[in-house]
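Novice: Take this structure, written in structure tokens, and hold onto it; I'll ask about it next.
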Amino acid sequence: MTLSSTPALRAPHATVPSAARTVRIGVDIGGTKIEAVAIDQDCTVLHTVRRSTGFGNEALLSSLFGVLDVLRGAETLADCTVSGLGIGIPGTVNTETGYVANAVNVGVAGLDLGSLVEAEHGLPVTMENDVNAAAIGAHYLLADSDASGSSAYLNLGTGLAAGYVSNGVVVRGTSGAAGEIGHLPLGMRGEECPCGQKGCLELIASGSGIARQWKGPGQWPAVSLFDAALDGDPVAKVVQQRFFEGAATAIRILGLTYDPASIYIGGGLNALGAPLLRGIQLELARFCAPSPFLSGLALGDRVRLVPPGLSIGSVGAAIVAD
């Protein structure tokens, strides 16, 4: 299946009864949870299962197989035939062989995941980087009637990365590194990044970047930071402004590199909601003020938050399933 031939998606909703039909399964593997969905030929979500993610090769496989067993055993899908399975996972993904490397958030240094899942479930498996899968899902769920066009996806989570969809197809690059803009040394500061460079954008415009700079109360540093900045804490306001500047820089990079019709923002920090979008748009306006060229692009008008709870990662993985 080519992405350009995929029918327009309808957003996921409550489980619906299934008649005899063919479905595709998509799995989004994250650092804390695995989400699996089944979608029909109209790309309607029929059933969803979520479980905690195991850490390390064996635990990951156990949790993944468990989720798939529960999903495939659902009464909703009893009369369905599964045509393919797509899996999105963080790390370096060889989309030809299904081999995954450097998936540090789930404790996987190297694993022939695609072949192992194929052997266990007897289905053709398509592997994809999790951000690319989310980019595809966001594009097809949110692009209204223009699913064949272009869009960019900015993932603001523990790290910072992006995906780009052109003519309905994700752009991976020669080595799969397309979209790794978090490791551009544009962070305006000189700290060392885990990637080995200094001053990477991810150091200021990500959840881990906020956590390094802000030691406020609560479980979620970003939430604490935004609350403190709203209360007028001077240190919080500086860190927050730096974050907005970095995120807006990422938007400019995507806009000037790809010129997409829409730029979607997702990831864990997306839960910050309207204050996140407003801060980024204000920073984009500040960048644009002295530049008629940049102002004419109206990048701020192209930015949209992915709605909370929208399963872009798992749906995107299902879309790419053969």
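By order in the structure tokens, chains are A, B, ...; within a chain, residues start at 1; ligands start at 1, following the order shown.
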I need the residues of region 99-259 of chain A that end up classed as helix (DSSP H, G or I) by DSSP on the backbone, written out as a PyMOL selection string.
Specialist: chain A and resi 104-106+113-121+130-142+181-183+201-203+207-213+221-230+234-258
Novice: Fewer than 4 positions away in the same chain doesn't count, so skip those; otherwise give me all residues within 9 Å of Val306 (chain A), counting only C-alpha atoms, as a PyMOL selection string.
Specialist: chain A and resi 138+142+264-267+270+310+312
Novice: Write a file of the just-selected residues containing N, CA, C and O atoms, as a PDB file, in the first residue's frame.
Specialist:
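The result, stored in part_27.pdb:
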ATOM      1  N   ALA A 138      -0.390  12.178  12.420  1.00  0.00           N
ATOM      2  CA  ALA A 138      -0.876  13.556  12.519  1.00  0.00           C
ATOM      3  C   ALA A 138      -1.315  14.070  11.156  1.00  0.00           C
ATOM      4  O   ALA A 138      -2.352  14.732  11.026  1.00  0.00           O
ATOM      5  N   LEU A 142      -5.209  14.908  10.725  1.00  0.00           N
ATOM      6  CA  LEU A 142      -5.459  16.334  10.912  1.00  0.00           C
ATOM      7  C   LEU A 142      -5.405  17.165   9.642  1.00  0.00           C
ATOM      8  O   LEU A 142      -5.690  18.364   9.688  1.00  0.00           O
ATOM      9  N   TYR A 264       2.453  20.494  12.990  1.00  0.00           N
ATOM     10  CA  TYR A 264       1.747  19.977  14.158  1.00  0.00           C
ATOM     11  C   TYR A 264       2.729  19.781  15.313  1.00  0.00           C
ATOM     12  O   TYR A 264       3.836  19.277  15.111  1.00  0.00           O
ATOM     13  N   ILE A 265       2.312  20.157  16.515  1.00  0.00           N
ATOM     14  CA  ILE A 265       3.137  19.982  17.701  1.00  0.00           C
ATOM     15  C   ILE A 265       2.518  18.913  18.579  1.00  0.00           C
ATOM     16  O   ILE A 265       1.348  19.001  18.966  1.00  0.00           O
ATOM     17  N   GLY A 266       3.306  17.878  18.877  1.00  0.00           N
ATOM     18  CA  GLY A 266       2.864  16.800  19.751  1.00  0.00           C
ATOM     19  C   GLY A 266       3.955  16.443  20.735  1.00  0.00           C
ATOM     20  O   GLY A 266       4.906  17.199  20.948  1.00  0.00           O
ATOM     21  N   GLY A 267       3.845  15.281  21.352  1.00  0.00           N
ATOM     22  CA  GLY A 267       4.796  14.873  22.380  1.00  0.00           C
ATOM     23  C   GLY A 267       4.259  15.185  23.770  1.00  0.00           C
ATOM     24  O   GLY A 267       3.211  15.809  23.934  1.00  0.00           O
ATOM     25  N   ASN A 270       3.067  18.603  24.855  1.00  0.00           N
ATOM     26  CA  ASN A 270       1.839  19.064  24.238  1.00  0.00           C
ATOM     27  C   ASN A 270       0.720  19.244  25.265  1.00  0.00           C
ATOM     28  O   ASN A 270      -0.205  20.034  25.075  1.00  0.00           O
ATOM     29  N   LEU A 310      -5.297  12.049  20.970  1.00  0.00           N
ATOM     30  CA  LEU A 310      -5.353  11.565  19.592  1.00  0.00           C
ATOM     31  C   LEU A 310      -4.191  10.595  19.356  1.00  0.00           C
ATOM     32  O   LEU A 310      -3.030  10.952  19.558  1.00  0.00           O
ATOM     33  N   ILE A 312      -1.946   9.482  17.378  1.00  0.00           N
ATOM     34  CA  ILE A 312      -1.244   9.669  16.110  1.00  0.00           C
ATOM     35  C   ILE A 312      -0.129   8.646  15.908  1.00  0.00           C
ATOM     36  O   ILE A 312       0.138   8.222  14.782  1.00  0.00           O
TER      37      ILE A 312
END
Novice: Tell me which protein, DNA and RNA residues are within 7 Å of region 242-248 of chain A, counting only C-alpha atoms, leaving out same-chain ones fewer than 3 positions away, and put them as JSON, numbers by chain.
Specialist: {"A": [187, 201, 204, 205, 238, 239, 251, 252, 279, 280, 283, 284]}
Novice: Tell me which protein, DNA and RNA residues are within 9 Å of Asp259 (chain A), counting only C-alpha atoms, leaving out same-chain ones fewer than 5 positions away, and put them as number ranges by chain.
Specialist: A: 150-152, 254, 297, 299
Novice: Interatomic distance between CA of Ala228 (chain A) and CA of Leu305 (chain A)?
Specialist: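 Atom-to-atom, CA of Ala228 (chain A) to CA of Leu305 (chain A), that is 22.5 Å.
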Novice: Would you mind reading off the distance between CA of Val82 (chain A) and CA of Tyr99 (chain A), one decimal, in Å?
Specialist: 22.4 Å
Novice: Do you have the CA of Ala161 (chain A)-CA of Ala271 (chain A) distance handy?
Specialist: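 One can read the CA of Ala161 (chain A) to CA of Ala271 (chain A) distance as 16.9 Å.
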Novice: Pick out the residues sitting within 8 Å of region 163-171 of chain A, and hand them over as a list of chain:residue names; count only C-alpha atoms, and ignore anything fewer than 4 positions along from it in its own chain.
Specialist: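 Answer for this query is A:Leu3, A:Ser4, A:Val131, A:Asn132, A:Ala134, A:Ala135, A:Ile136, A:His139, A:Tyr140, A:Ala147, A:Ser148, A:Gly149, A:Ser150, A:Ser151, A:Ala152, A:Tyr153, A:Leu154, A:Ala178, A:Gly179, A:Tyr258.
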Novice: Residues as selected, N, CA, C and O atoms, written as a PDB file, in the first residue's frame, can you do that?
Specialist:
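Once everything was written out, this is result.pdb:
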ATOM      1  N   LEU A   3       1.163   5.311   0.680  1.00  0.00           N
ATOM      2  CA  LEU A   3       0.462   6.253   1.534  1.00  0.00           C
ATOM      3  C   LEU A   3      -0.418   7.191   0.726  1.00  0.00           C
ATOM      4  O   LEU A   3      -1.466   7.627   1.191  1.00  0.00           O
ATOM      5  N   SER A   4       0.018   7.531  -0.465  1.00  0.00           N
ATOM      6  CA  SER A   4      -0.761   8.459  -1.260  1.00  0.00           C
ATOM      7  C   SER A   4      -2.118   7.880  -1.648  1.00  0.00           C
ATOM      8  O   SER A   4      -3.027   8.616  -2.023  1.00  0.00           O
ATOM      9  N   VAL A 131       8.758   8.915  15.859  1.00  0.00           N
ATOM     10  CA  VAL A 131       8.410  10.281  15.451  1.00  0.00           C
ATOM     11  C   VAL A 131       7.894  10.291  14.012  1.00  0.00           C
ATOM     12  O   VAL A 131       6.934  10.999  13.686  1.00  0.00           O
ATOM     13  N   ASN A 132       8.496   9.493  13.151  1.00  0.00           N
ATOM     14  CA  ASN A 132       7.991   9.393  11.780  1.00  0.00           C
ATOM     15  C   ASN A 132       6.577   8.824  11.750  1.00  0.00           C
ATOM     16  O   ASN A 132       5.720   9.284  10.991  1.00  0.00           O
ATOM     17  N   ALA A 134       4.375   9.067  14.136  1.00  0.00           N
ATOM     18  CA  ALA A 134       3.489  10.118  14.635  1.00  0.00           C
ATOM     19  C   ALA A 134       3.264  11.191  13.578  1.00  0.00           C
ATOM     20  O   ALA A 134       2.158  11.738  13.461  1.00  0.00           O
ATOM     21  N   ALA A 135       4.298  11.506  12.803  1.00  0.00           N
ATOM     22  CA  ALA A 135       4.152  12.492  11.728  1.00  0.00           C
ATOM     23  C   ALA A 135       3.126  12.025  10.703  1.00  0.00           C
ATOM     24  O   ALA A 135       2.295  12.813  10.227  1.00  0.00           O
ATOM     25  N   ILE A 136       3.180  10.741  10.364  1.00  0.00           N
ATOM     26  CA  ILE A 136       2.213  10.191   9.409  1.00  0.00           C
ATOM     27  C   ILE A 136       0.803  10.227  10.010  1.00  0.00           C
ATOM     28  O   ILE A 136      -0.166  10.628   9.360  1.00  0.00           O
ATOM     29  N   HIS A 139      -0.537  13.763  10.140  1.00  0.00           N
ATOM     30  CA  HIS A 139      -0.867  14.239   8.790  1.00  0.00           C
ATOM     31  C   HIS A 139      -2.216  13.706   8.329  1.00  0.00           C
ATOM     32  O   HIS A 139      -3.068  14.462   7.849  1.00  0.00           O
ATOM     33  N   TYR A 140      -2.424  12.409   8.467  1.00  0.00           N
ATOM     34  CA  TYR A 140      -3.650  11.823   7.949  1.00  0.00           C
ATOM     35  C   TYR A 140      -4.859  12.060   8.841  1.00  0.00           C
ATOM     36  O   TYR A 140      -5.991  12.064   8.358  1.00  0.00           O
ATOM     37  N   ALA A 147      -4.959  15.104   2.430  1.00  0.00           N
ATOM     38  CA  ALA A 147      -4.041  14.095   2.941  1.00  0.00           C
ATOM     39  C   ALA A 147      -2.876  13.828   2.000  1.00  0.00           C
ATOM     40  O   ALA A 147      -1.875  13.243   2.398  1.00  0.00           O
ATOM     41  N   SER A 148      -2.987  14.273   0.734  1.00  0.00           N
ATOM     42  CA  SER A 148      -1.891  14.047  -0.211  1.00  0.00           C
ATOM     43  C   SER A 148      -0.870  15.182  -0.184  1.00  0.00           C
ATOM     44  O   SER A 148       0.123  15.145  -0.909  1.00  0.00           O
ATOM     45  N   GLY A 149      -1.072  16.186   0.646  1.00  0.00           N
ATOM     46  CA  GLY A 149      -0.183  17.338   0.678  1.00  0.00           C
ATOM     47  C   GLY A 149       1.014  17.142   1.593  1.00  0.00           C
ATOM     48  O   GLY A 149       1.522  16.030   1.763  1.00  0.00           O
ATOM     49  N   SER A 150       1.476  18.239   2.198  1.00  0.00           N
ATOM     50  CA  SER A 150       2.674  18.184   3.029  1.00  0.00           C
ATOM     51  C   SER A 150       2.375  18.725   4.421  1.00  0.00           C
ATOM     52  O   SER A 150       1.541  19.602   4.603  1.00  0.00           O
ATOM     53  N   SER A 151       3.081  18.180   5.390  1.00  0.00           N
ATOM     54  CA  SER A 151       3.000  18.691   6.759  1.00  0.00           C
ATOM     55  C   SER A 151       4.272  18.307   7.496  1.00  0.00           C
ATOM     56  O   SER A 151       4.985  17.379   7.097  1.00  0.00           O
ATOM     57  N   ALA A 152       4.545  19.047   8.569  1.00  0.00           N
ATOM     58  CA  ALA A 152       5.665  18.715   9.444  1.00  0.00           C
ATOM     59  C   ALA A 152       5.116  18.455  10.841  1.00  0.00           C
ATOM     60  O   ALA A 152       4.075  18.991  11.229  1.00  0.00           O
ATOM     61  N   TYR A 153       5.823  17.630  11.579  1.00  0.00           N
ATOM     62  CA  TYR A 153       5.428  17.284  12.945  1.00  0.00           C
ATOM     63  C   TYR A 153       6.610  17.543  13.864  1.00  0.00           C
ATOM     64  O   TYR A 153       7.716  17.051  13.624  1.00  0.00           O
ATOM     65  N   LEU A 154       6.385  18.344  14.908  1.00  0.00           N
ATOM     66  CA  LEU A 154       7.426  18.641  15.887  1.00  0.00           C
ATOM     67  C   LEU A 154       7.088  17.930  17.177  1.00  0.00           C
ATOM     68  O   LEU A 154       6.048  18.202  17.793  1.00  0.00           O
ATOM     69  N   ALA A 178      16.684  12.071   8.989  1.00  0.00           N
ATOM     70  CA  ALA A 178      15.917  13.269   8.641  1.00  0.00           C
ATOM     71  C   ALA A 178      14.993  13.636   9.796  1.00  0.00           C
ATOM     72  O   ALA A 178      14.311  12.787  10.360  1.00  0.00           O
ATOM     73  N   GLY A 179      15.005  14.908  10.176  1.00  0.00           N
ATOM     74  CA  GLY A 179      14.148  15.364  11.255  1.00  0.00           C
ATOM     75  C   GLY A 179      14.809  15.438  12.612  1.00  0.00           C
ATOM     76  O   GLY A 179      14.188  15.899  13.580  1.00  0.00           O
ATOM     77  N   TYR A 258      11.272  22.970   4.725  1.00  0.00           N
ATOM     78  CA  TYR A 258      10.262  22.196   4.008  1.00  0.00           C
ATOM     79  C   TYR A 258       9.081  23.028   3.492  1.00  0.00           C
ATOM     80  O   TYR A 258       8.371  22.585   2.597  1.00  0.00           O
TER      81      TYR A 258
END
Novice: Rank A:Val100, A:Arg304, A:Leu141, A:Ser62 by their smallest atom-to-atom distance to Val45 (chain A), using only C-alpha atoms, and report the top residue only.
Specialist: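 Under the stated criterion, the closest residue is A:Leu141.
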Novice: Considering only C-alpha atoms, state which residue in the set A:Ala133, A:Ala250, A:Val315, A:Gly30 is at the smallest distance from Pro185 (chain A).
Specialist: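 Nearest candidate to Pro185 (chain A) out of A:Ala133, A:Ala250, A:Val315, A:Gly30: A:Ala250.
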